[in-house]
$ cat coords-v2.csv   # CSV, C-alpha atoms
chain,number,residue,atom,x,y,z
Y,1,MET,CA,-14.7,47.1,-42.8
Y,2,ARG,CA,-14.3,44.0,-44.9
Y,3,VAL,CA,-13.4,40.8,-43.1
Y,4,ALA,CA,-10.2,40.3,-45.1
Y,5,GLU,CA,-9.0,43.8,-44.2
Y,6,ALA,CA,-9.9,43.2,-40.6
Y,7,TRP,CA,-7.8,40.0,-40.6
Y,8,ARG,CA,-4.9,42.0,-42.2
Y,9,VAL,CA,-5.1,44.7,-39.6
Y,10,ALA,CA,-5.3,42.2,-36.7
Y,11,LEU,CA,-2.2,40.4,-38.1
Y,12,ASP,CA,-0.3,43.6,-38.4
Y,13,ALA,CA,-1.2,44.6,-34.8
Y,14,LEU,CA,0.1,41.3,-33.5
Y,15,ARG,CA,3.3,41.6,-35.6
Y,16,ALA,CA,3.9,45.0,-34.1
Y,17,ASN,CA,4.2,43.4,-30.6
Y,18,ARG,CA,5.8,40.0,-31.5
Y,19,LEU,CA,7.2,39.2,-28.0
Y,20,ARG,CA,4.0,40.1,-26.2
Y,21,SER,CA,1.9,38.1,-28.7
Y,22,LEU,CA,4.2,35.1,-28.3
Y,23,LEU,CA,4.1,35.2,-24.5
Y,24,THR,CA,0.3,35.6,-24.6
Y,25,MET,CA,0.1,32.6,-27.0
Y,26,LEU,CA,2.3,30.5,-24.7
Y,27,GLY,CA,-0.5,29.8,-22.2
Y,28,VAL,CA,-2.8,28.6,-24.9
Y,29,VAL,CA,-0.1,26.4,-26.5
Y,30,ILE,CA,0.7,24.7,-23.2
Y,31,GLY,CA,-3.0,24.2,-22.4
Y,32,VAL,CA,-3.8,22.6,-25.8
Y,33,ALA,CA,-0.7,20.5,-25.8
Y,34,ALA,CA,-1.6,19.2,-22.3
Y,35,VAL,CA,-5.1,18.3,-23.4
Y,36,VAL,CA,-3.9,16.5,-26.6
Y,37,ALA,CA,-1.1,14.6,-24.8
Y,38,LEU,CA,-3.1,13.6,-21.7
Y,39,VAL,CA,-6.1,12.5,-23.7
Y,40,ALA,CA,-3.8,10.5,-26.0
Y,41,ILE,CA,-2.2,8.7,-22.9
Y,42,GLY,CA,-5.6,8.0,-21.4
Y,43,THR,CA,-6.9,6.6,-24.8
Y,44,GLY,CA,-3.8,4.6,-25.3
Y,45,THR,CA,-4.1,3.0,-21.9
Y,46,LYS,CA,-7.7,2.1,-22.5
Y,47,GLN,CA,-6.9,0.5,-25.9
Y,48,LEU,CA,-4.0,-1.4,-24.4
Y,49,ILE,CA,-6.2,-2.9,-21.6
Y,50,GLU,CA,-9.0,-3.7,-24.1
Y,51,ARG,CA,-6.4,-5.6,-26.3
Y,52,GLN,CA,-5.1,-7.5,-23.2
Y,53,VAL,CA,-8.6,-8.5,-22.1
Y,54,GLU,CA,-9.5,-9.6,-25.6
Y,55,GLY,CA,-6.2,-11.4,-25.9
Y,56,LEU,CA,-7.1,-13.8,-23.1
Y,57,GLY,CA,-9.3,-15.6,-25.5
Y,58,SER,CA,-12.7,-15.4,-27.2
Y,59,ASN,CA,-16.2,-15.8,-25.6
Y,60,LEU,CA,-14.6,-16.1,-22.1
Y,61,LEU,CA,-16.8,-16.6,-19.0
Y,62,ILE,CA,-15.0,-16.2,-15.6
Y,63,VAL,CA,-16.7,-17.8,-12.6
Y,64,VAL,CA,-15.6,-16.9,-9.1
Y,65,PRO,CA,-17.1,-17.3,-5.6
Y,66,GLY,CA,-18.6,-14.1,-4.1
Y,67,LYS,CA,-20.4,-11.1,-5.5
Y,68,LEU,CA,-18.4,-8.9,-7.8
Y,69,THR,CA,-19.7,-5.6,-6.5
Y,70,ALA,CA,-18.0,-2.5,-5.2
Y,71,GLY,CA,-17.1,-2.9,-1.5
Y,72,ALA,CA,-17.9,-6.7,-1.5
Y,73,ALA,CA,-15.6,-8.6,0.8
Y,74,PRO,CA,-13.4,-11.4,-0.7
Y,75,THR,CA,-15.0,-14.9,-0.4
Y,76,SER,CA,-13.0,-18.0,0.2
Y,77,SER,CA,-13.6,-20.6,-2.5
Y,78,PRO,CA,-15.5,-23.8,-1.6
Y,79,MET,CA,-15.0,-25.2,-5.2
Y,80,THR,CA,-13.2,-28.4,-5.9
Y,81,LEU,CA,-12.4,-30.5,-9.0
Y,82,GLU,CA,-15.8,-32.2,-8.6
Y,83,ASP,CA,-17.4,-28.9,-9.2
Y,84,ALA,CA,-15.3,-28.5,-12.3
Y,85,ASP,CA,-16.6,-31.9,-13.5
Y,86,ALA,CA,-20.2,-30.8,-12.8
Y,87,VAL,CA,-19.6,-27.6,-14.8
Y,88,SER,CA,-18.1,-29.6,-17.6
Y,89,ARG,CA,-21.3,-31.6,-17.8
Y,90,VAL,CA,-23.3,-28.3,-18.1
Y,91,VAL,CA,-21.0,-27.0,-20.8
Y,92,GLY,CA,-21.0,-30.3,-22.6
Y,93,ASP,CA,-17.3,-30.2,-23.4
Y,94,ARG,CA,-14.4,-30.7,-20.8
Y,95,SER,CA,-12.0,-29.0,-23.1
Y,96,ARG,CA,-13.9,-25.7,-22.7
Y,97,VAL,CA,-13.4,-25.6,-19.0
Y,98,ALA,CA,-10.3,-24.4,-17.2
Y,99,VAL,CA,-9.6,-24.2,-13.5
Y,100,THR,CA,-6.9,-22.5,-11.4
Y,101,ILE,CA,-5.4,-22.5,-8.0
Y,102,ALA,CA,-2.7,-19.9,-7.5
Y,103,SER,CA,0.1,-19.3,-5.1
Y,104,GLY,CA,3.3,-17.3,-5.0
Y,105,GLU,CA,6.2,-19.6,-4.6
Y,106,THR,CA,10.0,-19.5,-4.7
Y,107,VAL,CA,11.3,-21.7,-7.5
Y,108,ARG,CA,14.9,-22.9,-7.7
Y,109,ALA,CA,17.2,-24.5,-10.2
Y,110,GLY,CA,20.7,-25.2,-8.9
Y,111,SER,CA,22.0,-21.9,-7.3
Y,112,ARG,CA,19.5,-19.7,-9.1
Y,113,SER,CA,16.1,-18.8,-7.7
Y,114,ALA,CA,13.1,-16.6,-8.6
Y,115,PHE,CA,9.7,-15.8,-7.1
Y,116,ALA,CA,7.0,-16.9,-9.4
Y,117,SER,CA,3.2,-17.3,-9.5
Y,118,MET,CA,2.5,-21.0,-9.4
Y,119,GLN,CA,-0.7,-21.8,-11.3
Y,120,GLY,CA,-2.3,-25.2,-10.7
Y,121,VAL,CA,-4.3,-25.9,-13.9
Y,122,LEU,CA,-5.9,-28.5,-16.1
Y,123,GLU,CA,-4.6,-29.6,-19.5
Y,124,THR,CA,-7.4,-27.5,-21.1
Y,125,THR,CA,-5.8,-24.2,-20.3
Y,126,PRO,CA,-4.3,-23.5,-23.8
Y,127,SER,CA,-7.7,-24.3,-25.4
Y,128,VAL,CA,-9.6,-21.8,-23.1
Y,129,PHE,CA,-7.0,-19.0,-22.9
Y,130,VAL,CA,-4.6,-17.9,-25.6
Y,131,ARG,CA,-1.2,-19.3,-24.5
Y,132,THR,CA,1.5,-20.4,-27.0
Y,133,LEU,CA,4.5,-22.5,-26.3
Y,134,ALA,CA,7.9,-21.5,-27.4
Y,135,ARG,CA,9.3,-25.0,-26.9
Y,136,GLY,CA,8.4,-28.3,-25.4
Y,137,ALA,CA,4.9,-29.5,-24.6
Y,138,TYR,CA,2.0,-28.6,-22.3
Y,139,LEU,CA,0.4,-30.7,-19.6
Y,140,THR,CA,-1.6,-33.7,-20.5
Y,141,ARG,CA,-4.7,-35.2,-19.0
Y,142,ALA,CA,-2.6,-38.1,-17.6
Y,143,ASP,CA,-0.4,-35.5,-15.9
Y,144,VAL,CA,-3.4,-34.1,-14.1
Y,145,SER,CA,-5.0,-37.4,-13.3
Y,146,THR,CA,-1.8,-38.7,-11.6
Y,147,GLY,CA,-0.6,-35.5,-10.1
Y,148,ARG,CA,2.7,-35.8,-12.0
Y,149,ARG,CA,5.3,-33.2,-10.9
Y,150,VAL,CA,5.9,-31.5,-14.2
Y,151,ALA,CA,5.9,-27.8,-15.0
Y,152,VAL,CA,5.6,-25.4,-17.9
Y,153,LEU,CA,7.6,-22.2,-17.3
Y,154,GLY,CA,6.9,-18.6,-18.3
Y,155,ALA,CA,9.6,-17.1,-20.4
Y,156,GLY,CA,10.9,-14.8,-17.6
Y,157,VAL,CA,11.2,-17.7,-15.1
Y,158,ALA,CA,12.9,-19.9,-17.6
Y,159,ARG,CA,15.5,-17.2,-18.4
Y,160,THR,CA,16.1,-16.5,-14.7
Y,161,LEU,CA,16.6,-20.1,-13.7
Y,162,PHE,CA,18.4,-21.5,-16.7
Y,163,GLY,CA,19.8,-18.5,-18.7
Y,164,ASP,CA,20.7,-19.5,-22.2
Y,165,ARG,CA,20.4,-23.3,-21.5
Y,166,ASP,CA,17.5,-25.3,-22.8
Y,167,PRO,CA,15.3,-26.0,-19.7
Y,168,ILE,CA,13.3,-28.9,-21.2
Y,169,GLY,CA,13.9,-32.0,-19.2
Y,170,ARG,CA,15.8,-30.2,-16.4
Y,171,GLN,CA,14.9,-30.4,-12.8
Y,172,MET,CA,13.7,-27.5,-10.6
Y,173,THR,CA,12.0,-27.1,-7.2
Y,174,ILE,CA,8.8,-25.3,-6.3
Y,175,GLY,CA,8.5,-24.7,-2.6
Y,176,GLY,CA,11.2,-27.3,-2.0
Y,177,VAL,CA,9.4,-30.0,-4.1
Y,178,ARG,CA,11.1,-31.2,-7.3
Y,179,PHE,CA,9.4,-30.8,-10.7
Y,180,ARG,CA,10.6,-31.6,-14.2
Y,181,VAL,CA,10.3,-28.9,-16.9
Y,182,ILE,CA,8.4,-30.0,-20.0
Y,183,GLY,CA,7.7,-26.7,-21.7
Y,184,VAL,CA,8.3,-23.0,-21.9
Y,185,PHE,CA,5.7,-20.4,-22.9
Y,186,GLU,CA,6.4,-17.7,-25.5
Y,187,GLN,CA,7.2,-14.3,-24.0
Y,188,LEU,CA,4.0,-12.4,-23.3
Y,189,GLY,CA,4.9,-9.6,-21.0
Y,190,GLN,CA,2.5,-7.7,-18.7
Y,191,SER,CA,-1.2,-8.3,-19.0
Y,192,LEU,CA,-3.7,-6.4,-16.8
Y,193,GLY,CA,-0.9,-5.6,-14.4
Y,194,VAL,CA,0.2,-9.2,-14.1
Y,195,ASP,CA,3.6,-10.5,-15.3
Y,196,ARG,CA,2.5,-13.4,-17.5
Y,197,ASP,CA,6.2,-14.4,-18.0
Y,198,GLY,CA,6.5,-14.9,-14.3
Y,199,GLU,CA,4.0,-17.8,-14.2
Y,200,VAL,CA,4.7,-21.5,-13.7
Y,201,HIS,CA,1.9,-24.0,-14.7
Y,202,VAL,CA,1.7,-27.3,-12.9
Y,203,PRO,CA,-1.1,-29.9,-12.8
Y,204,VAL,CA,-3.8,-28.7,-10.5
Y,205,THR,CA,-3.6,-32.0,-8.5
Y,206,ALA,CA,0.1,-31.6,-7.9
Y,207,ALA,CA,-0.5,-27.9,-6.8
Y,208,GLN,CA,-3.2,-29.1,-4.4
Y,209,ARG,CA,-0.9,-31.7,-2.9
Y,210,LEU,CA,1.8,-29.1,-2.6
Y,211,LEU,CA,-0.5,-26.6,-0.9
Y,212,GLY,CA,-2.3,-29.2,1.2
Y,213,THR,CA,-5.8,-28.4,0.0
Y,214,ASP,CA,-8.4,-29.7,-2.4
Y,215,ARG,CA,-10.0,-26.4,-3.4
Y,216,ILE,CA,-9.7,-24.4,-6.6
Y,217,ASP,CA,-9.9,-20.7,-6.8
Y,218,GLY,CA,-12.0,-20.2,-9.9
Y,219,LEU,CA,-13.2,-21.5,-13.2
Y,220,ALA,CA,-13.0,-20.2,-16.8
Y,221,ILE,CA,-15.2,-21.3,-19.6
Y,222,ARG,CA,-15.0,-20.7,-23.3
Y,223,ALA,CA,-18.5,-20.5,-24.6
Y,224,PRO,CA,-19.3,-22.1,-28.0
Y,225,ASP,CA,-20.6,-18.7,-29.3
Y,226,ARG,CA,-21.3,-15.2,-28.0
Y,227,ASP,CA,-25.1,-15.6,-28.2
Y,228,ARG,CA,-25.2,-18.4,-25.6
Y,229,ILE,CA,-22.7,-16.9,-23.1
Y,230,ASP,CA,-25.2,-15.2,-20.8
Y,231,GLN,CA,-27.4,-18.3,-20.5
Y,232,LEU,CA,-24.4,-20.5,-20.0
Y,233,GLY,CA,-23.2,-18.3,-17.2
Y,234,ALA,CA,-26.6,-18.4,-15.5
Y,235,ASP,CA,-26.7,-22.2,-15.8
Y,236,VAL,CA,-23.2,-22.6,-14.4
Y,237,VAL,CA,-23.9,-20.3,-11.4
Y,238,ALA,CA,-27.2,-22.2,-10.7
Y,239,THR,CA,-25.2,-25.5,-10.7
Y,240,LEU,CA,-22.6,-24.2,-8.3
Y,241,THR,CA,-25.2,-22.6,-6.1
Y,242,ASP,CA,-27.0,-26.0,-5.8
Y,243,ARG,CA,-23.8,-27.7,-4.8
Y,244,HIS,CA,-22.8,-24.9,-2.3
Y,245,PRO,CA,-26.0,-23.2,-1.0
Y,246,ASP,CA,-24.1,-21.1,1.5
Y,247,THR,CA,-21.9,-19.4,-1.1
Y,248,ASP,CA,-22.8,-16.8,-3.8
Y,249,PHE,CA,-21.1,-17.1,-7.2
Y,250,SER,CA,-20.6,-14.6,-10.0
Y,251,ALA,CA,-20.0,-15.2,-13.7
Y,252,VAL,CA,-18.6,-12.3,-15.7
Y,253,THR,CA,-18.0,-12.0,-19.4
Y,254,GLN,CA,-15.2,-10.2,-21.3
Y,255,GLU,CA,-17.7,-7.5,-22.4
Y,256,GLN,CA,-18.7,-6.9,-18.8
Y,257,ILE,CA,-15.0,-6.6,-17.7
Y,258,LEU,CA,-14.3,-4.3,-20.7
Y,259,GLY,CA,-17.4,-2.2,-19.8
Y,260,VAL,CA,-16.3,-1.6,-16.2
Y,261,LEU,CA,-12.7,-0.9,-17.1
Y,262,GLY,CA,-13.8,1.3,-20.0
Y,263,ASP,CA,-16.0,3.4,-17.7
Y,264,ILE,CA,-13.2,3.8,-15.2
Y,265,LEU,CA,-10.6,4.7,-17.8
Y,266,GLY,CA,-13.1,7.0,-19.5
Y,267,VAL,CA,-13.6,8.9,-16.3
Y,268,LEU,CA,-9.8,9.1,-15.8
Y,269,THR,CA,-9.3,10.4,-19.3
Y,270,GLY,CA,-12.0,13.0,-18.7
Y,271,VAL,CA,-10.4,14.1,-15.4
Y,272,LEU,CA,-7.0,14.4,-17.1
Y,273,ALA,CA,-8.5,16.5,-19.9
Y,274,ALA,CA,-10.3,18.7,-17.3
Y,275,ILE,CA,-7.0,19.3,-15.4
Y,276,ALA,CA,-5.2,20.2,-18.6
Y,277,GLY,CA,-8.2,22.5,-19.5
Y,278,ILE,CA,-7.3,24.6,-16.5
Y,279,SER,CA,-4.2,25.7,-18.4
Y,280,LEU,CA,-6.4,26.8,-21.3
Y,281,LEU,CA,-8.5,28.8,-18.9
Y,282,VAL,CA,-5.4,30.5,-17.5
Y,283,GLY,CA,-4.3,31.2,-21.1
Y,284,GLY,CA,-7.7,32.7,-21.8
Y,285,VAL,CA,-7.4,35.1,-18.9
Y,286,GLY,CA,-4.0,36.1,-20.2
Y,287,VAL,CA,-5.4,36.8,-23.6
Y,288,SER,CA,-8.2,39.0,-22.1
Y,289,ASN,CA,-5.7,40.9,-20.0
Y,290,ILE,CA,-3.4,41.6,-22.9
Y,291,MET,CA,-6.2,42.7,-25.2
Y,292,LEU,CA,-7.5,45.1,-22.5
Y,293,VAL,CA,-3.9,46.6,-22.3
Y,294,SER,CA,-3.9,46.8,-26.1
Y,295,VAL,CA,-7.2,48.7,-26.2
Y,296,ARG,CA,-5.7,51.2,-23.7
Y,297,GLU,CA,-2.5,51.6,-25.7
Y,298,ARG,CA,-4.3,52.2,-28.9
Y,299,THR,CA,-7.1,54.5,-27.7
Y,300,LYS,CA,-5.9,57.3,-30.0
Y,301,GLU,CA,-5.9,55.0,-33.0
Y,302,ILE,CA,-9.4,53.9,-32.2
Y,303,GLY,CA,-10.6,57.5,-32.0
Y,304,LEU,CA,-8.9,58.3,-35.3
Y,305,ARG,CA,-10.6,55.3,-37.0
Y,306,LYS,CA,-14.0,56.3,-35.6
Y,307,ALA,CA,-13.4,59.9,-36.7
Y,308,VAL,CA,-13.0,58.7,-40.4
Y,309,GLY,CA,-16.1,56.6,-40.3
Y,310,ALA,CA,-15.3,53.3,-38.6
Y,311,ARG,CA,-18.4,51.9,-36.8
Y,312,PRO,CA,-18.3,50.5,-33.3
Y,313,ARG,CA,-18.9,47.1,-34.8
Y,314,ASP,CA,-15.9,47.4,-37.0
Y,315,ILE,CA,-13.6,48.3,-34.1
Y,316,GLY,CA,-15.0,45.5,-31.9
Y,317,THR,CA,-14.6,43.0,-34.8
Y,318,GLN,CA,-11.0,44.0,-35.3
Y,319,PHE,CA,-10.0,43.4,-31.6
Y,320,LEU,CA,-12.1,40.2,-31.4
Y,321,LEU,CA,-10.2,38.9,-34.5
Y,322,GLU,CA,-6.9,39.7,-32.8
Y,323,ALA,CA,-7.9,37.6,-29.8
Y,324,VAL,CA,-9.1,34.7,-31.9
Y,325,LEU,CA,-6.0,34.9,-34.1
Y,326,LEU,CA,-3.8,34.7,-31.0
Y,327,THR,CA,-5.6,31.6,-29.6
Y,328,THR,CA,-6.1,29.7,-32.8
Y,329,THR,CA,-2.4,30.1,-33.7
Y,330,GLY,CA,-1.6,29.0,-30.2
Y,331,GLY,CA,-4.1,26.1,-30.7
Y,332,VAL,CA,-2.3,24.9,-33.8
Y,333,LEU,CA,1.1,25.1,-32.2
Y,334,GLY,CA,-0.3,23.3,-29.1
Y,335,MET,CA,-1.8,20.5,-31.2
Y,336,LEU,CA,1.6,19.9,-32.9
Y,337,LEU,CA,3.4,20.0,-29.5
Y,338,GLY,CA,0.9,17.7,-27.9
Y,339,ALA,CA,1.0,15.2,-30.8
Y,340,ALA,CA,4.8,15.2,-30.7
Y,341,THR,CA,4.8,14.7,-26.9
Y,342,ALA,CA,2.3,11.8,-27.2
Y,343,LEU,CA,4.4,10.1,-29.9
Y,344,ILE,CA,7.6,10.5,-27.8
Y,345,VAL,CA,5.9,9.1,-24.7
Y,346,ASP,CA,4.5,6.1,-26.7
Y,347,GLY,CA,7.9,5.4,-28.4
Y,348,LEU,CA,10.3,5.9,-25.5
Y,349,SER,CA,8.4,4.9,-22.4
Y,350,PRO,CA,6.2,2.0,-21.3
Y,351,VAL,CA,3.2,4.4,-21.1
Y,352,PRO,CA,1.0,3.9,-24.2
Y,353,ALA,CA,-0.5,6.8,-26.1
Y,354,ALA,CA,-2.9,7.0,-29.0
Y,355,LEU,CA,-3.8,10.2,-30.8
Y,356,THR,CA,-7.5,10.6,-31.7
Y,357,TRP,CA,-9.0,13.0,-34.2
Y,358,TRP,CA,-11.7,14.1,-31.7
Y,359,SER,CA,-9.2,15.2,-29.1
Y,360,MET,CA,-7.3,17.3,-31.7
Y,361,ALA,CA,-10.6,18.8,-32.9
Y,362,LEU,CA,-11.8,19.5,-29.4
Y,363,ALA,CA,-8.5,21.1,-28.4
Y,364,PHE,CA,-8.6,23.4,-31.4
Y,365,GLY,CA,-12.3,24.2,-31.0
Y,366,VAL,CA,-11.8,25.1,-27.3
Y,367,SER,CA,-8.8,27.3,-28.2
Y,368,ALA,CA,-10.9,29.2,-30.7
Y,369,ALA,CA,-13.7,29.5,-28.2
Y,370,VAL,CA,-11.3,30.8,-25.6
Y,371,GLY,CA,-10.3,33.6,-28.0
Y,372,ILE,CA,-14.0,34.5,-28.7
Y,373,ILE,CA,-15.1,34.3,-25.0
Y,374,PHE,CA,-12.1,36.2,-23.6
Y,375,GLY,CA,-11.9,38.7,-26.5
Y,376,VAL,CA,-15.5,39.9,-26.2
Y,377,VAL,CA,-15.0,42.3,-23.3
Y,378,PRO,CA,-11.9,44.0,-24.7
Y,379,ALA,CA,-13.7,44.2,-28.1
Y,380,GLN,CA,-16.8,45.8,-26.6
Y,381,ARG,CA,-14.7,48.2,-24.6
Y,382,ALA,CA,-12.9,49.3,-27.8
Y,383,GLY,CA,-16.1,49.7,-29.7
Y,384,LYS,CA,-17.7,51.8,-27.1
Y,385,LEU,CA,-14.9,54.4,-26.8
Y,386,ASP,CA,-16.1,58.0,-27.5
Y,387,PRO,CA,-14.0,59.2,-30.6
Y,388,VAL,CA,-13.6,62.8,-29.2
Y,389,VAL,CA,-12.3,61.5,-25.8
Y,390,ALA,CA,-10.2,58.9,-27.5
Y,391,LEU,CA,-8.5,61.5,-29.8
Y,392,ARG,CA,-7.7,63.8,-26.8
Y,393,THR,CA,-6.0,60.9,-25.0
Y,394,GLU,CA,-2.2,61.2,-24.8

$ encode --input "coords-v2.csv" --output "structure tokens"
Amino acid sequence: MRVAEAWRVALDALRANRLRSLLTMLGVVIGVAAVVALVAIGTGTKQLIERQVEGLGSNLLIVVPGKLTAGAAPTSSPMTLEDADAVSRVVGDRSRVAVTIASGETVRAGSRSAFASMQGVLETTPSVFVRTLARGAYLTRADVSTGRRVAVLGAGVARTLFGDRDPIGRQMTIGGVRFRVIGVFEQLGQSLGVDRDGEVHVPVTAAQRLLGTDRIDGLAIRAPDRDRIDQLGADVVATLTDRHPDTDFSAVTQEQILGVLGDILGVLTGVLAAIAGISLLVGGVGVSNIMLVSVRERTKEIGLRKAVGARPRDIGTQFLLEAVLLTTTGGVLGMLLGAATALIVDGLSPVPAALTWWSMALAFGVSAAVGIIFGVVPAQRAGKLDPVVALRTE
């Protein structure tokens, strides 16, 4: 039997039982759609986090106390502004070093209030991280030196406290202490699970006075170039270790952060795809079951074909093609449904989704493989039927 004729016979057989074929295909459609949609969501989430990490700035080096290893206990920071000055000398440029001390505080303006993340920072923050002002000005070195009570608000905090009014020059309180607003950041939204619009930046010296401490939580350094970042990190850690022998310090780069997050999200995407693949397995069992039923129903037809010269291989090929046609058609429909689902999720929900060619190709390839694997047994059974026995079957 020619291949073209075998495809025609297989198509005619499926058309003769449209409802059964459609219901059999449904399991494959759902399985392929689930694989495509879930992989798209996992890929979109990974790409979003990568963009957020890269959006913090270029050639960033984050220095914190303690070891950044799984299961490591948090370490209280012994660092002070004197340590930041020592690090600035190692870097050779104060403008490349930023510090932070963070605290959740209630901020008020008149009768309005909000809970915000107060960040005590240096004037160098915008040159280390990517932060753009919508209006006003950022902190100056004089503000930091004198501990002046001035603040730069995130877009969300400014909107909550002042509504449509221009907040520049207005008074607000942080933890009951009065500050004057000098700037407002552009709206940024969520970044790595943190609401960047809910931040309030004040001079680190003013924040330390408000919190009654002289510590800082961490350092961020913008390296001059990517090639020097590892050596710079080692030099900074060595300097801090010399100043605080009892404390371990860790320096991590953006690439290391992206690598860890990428591994985690890659595993998550794989798990989601594997869970969705169970639907394909169930669909394959359904295909095998229906094809076995089809062999039983068409036993007399098989006997007649063998009696007029059809070889066992021809009969087996016909039933195998029917199974593959079922699953590949279901695979195409599933790809379209999965792609549409991913686009809807990406457009109408906060969950990101990104279609990739490899997930579509993988889903289609697996659907075709399911047809071959689960169609082999029914095809072999059909090919091995004795023509005399088959013709006598009622």

$ residues_near_point --input "coords-v2.csv" --point "(-9.6, -28.9, -3.8)" --cutoff "8 Å" --atoms "all atoms listed in the file" --output "NGL selection string"
:Y and (79-81 or 208 or 213-216)

$ atom_distance --input "coords-v2.csv" --atom1 "atom CA of Y:Ala339" --atom2 "atom CA of Y:Ala369"
20.7 Å

$ closest_residue --input "coords-v2.csv" --among "Y:Gly283, Y:Gly66, Y:Gly270, Y:Gly198" --to "Y:Gly330" --atoms "all atoms listed in the file"
Y:Gly283

$ residues_around --input "coords-v2.csv" --residues "stretch 363-366 of chain Y" --least-positions-apart "5" --cutoff "9 Å" --atoms "only C-alpha atoms" --output "list of chain:residue names"
Y:Gly31, Y:Val32, Y:Ala33, Y:Val35, Y:Val36, Y:Gly277, Y:Leu280, Y:Thr327, Y:Thr328, Y:Gly331, Y:Val332, Y:Gly334, Y:Met335, Y:Trp358, Y:Gly371

$ atom_distance --input "coords-v2.csv" --atom1 "atom CA of Y:Asp227" --atom2 "atom CA of Y:Pro245"
28.3 Å

$ closest_residue --input "coords-v2.csv" --among "Y:Gly44, Y:Gly284, Y:Gly156, Y:Gly338" --to "Y:Asp197" --atoms "only C-alpha atoms"
Y:Gly156
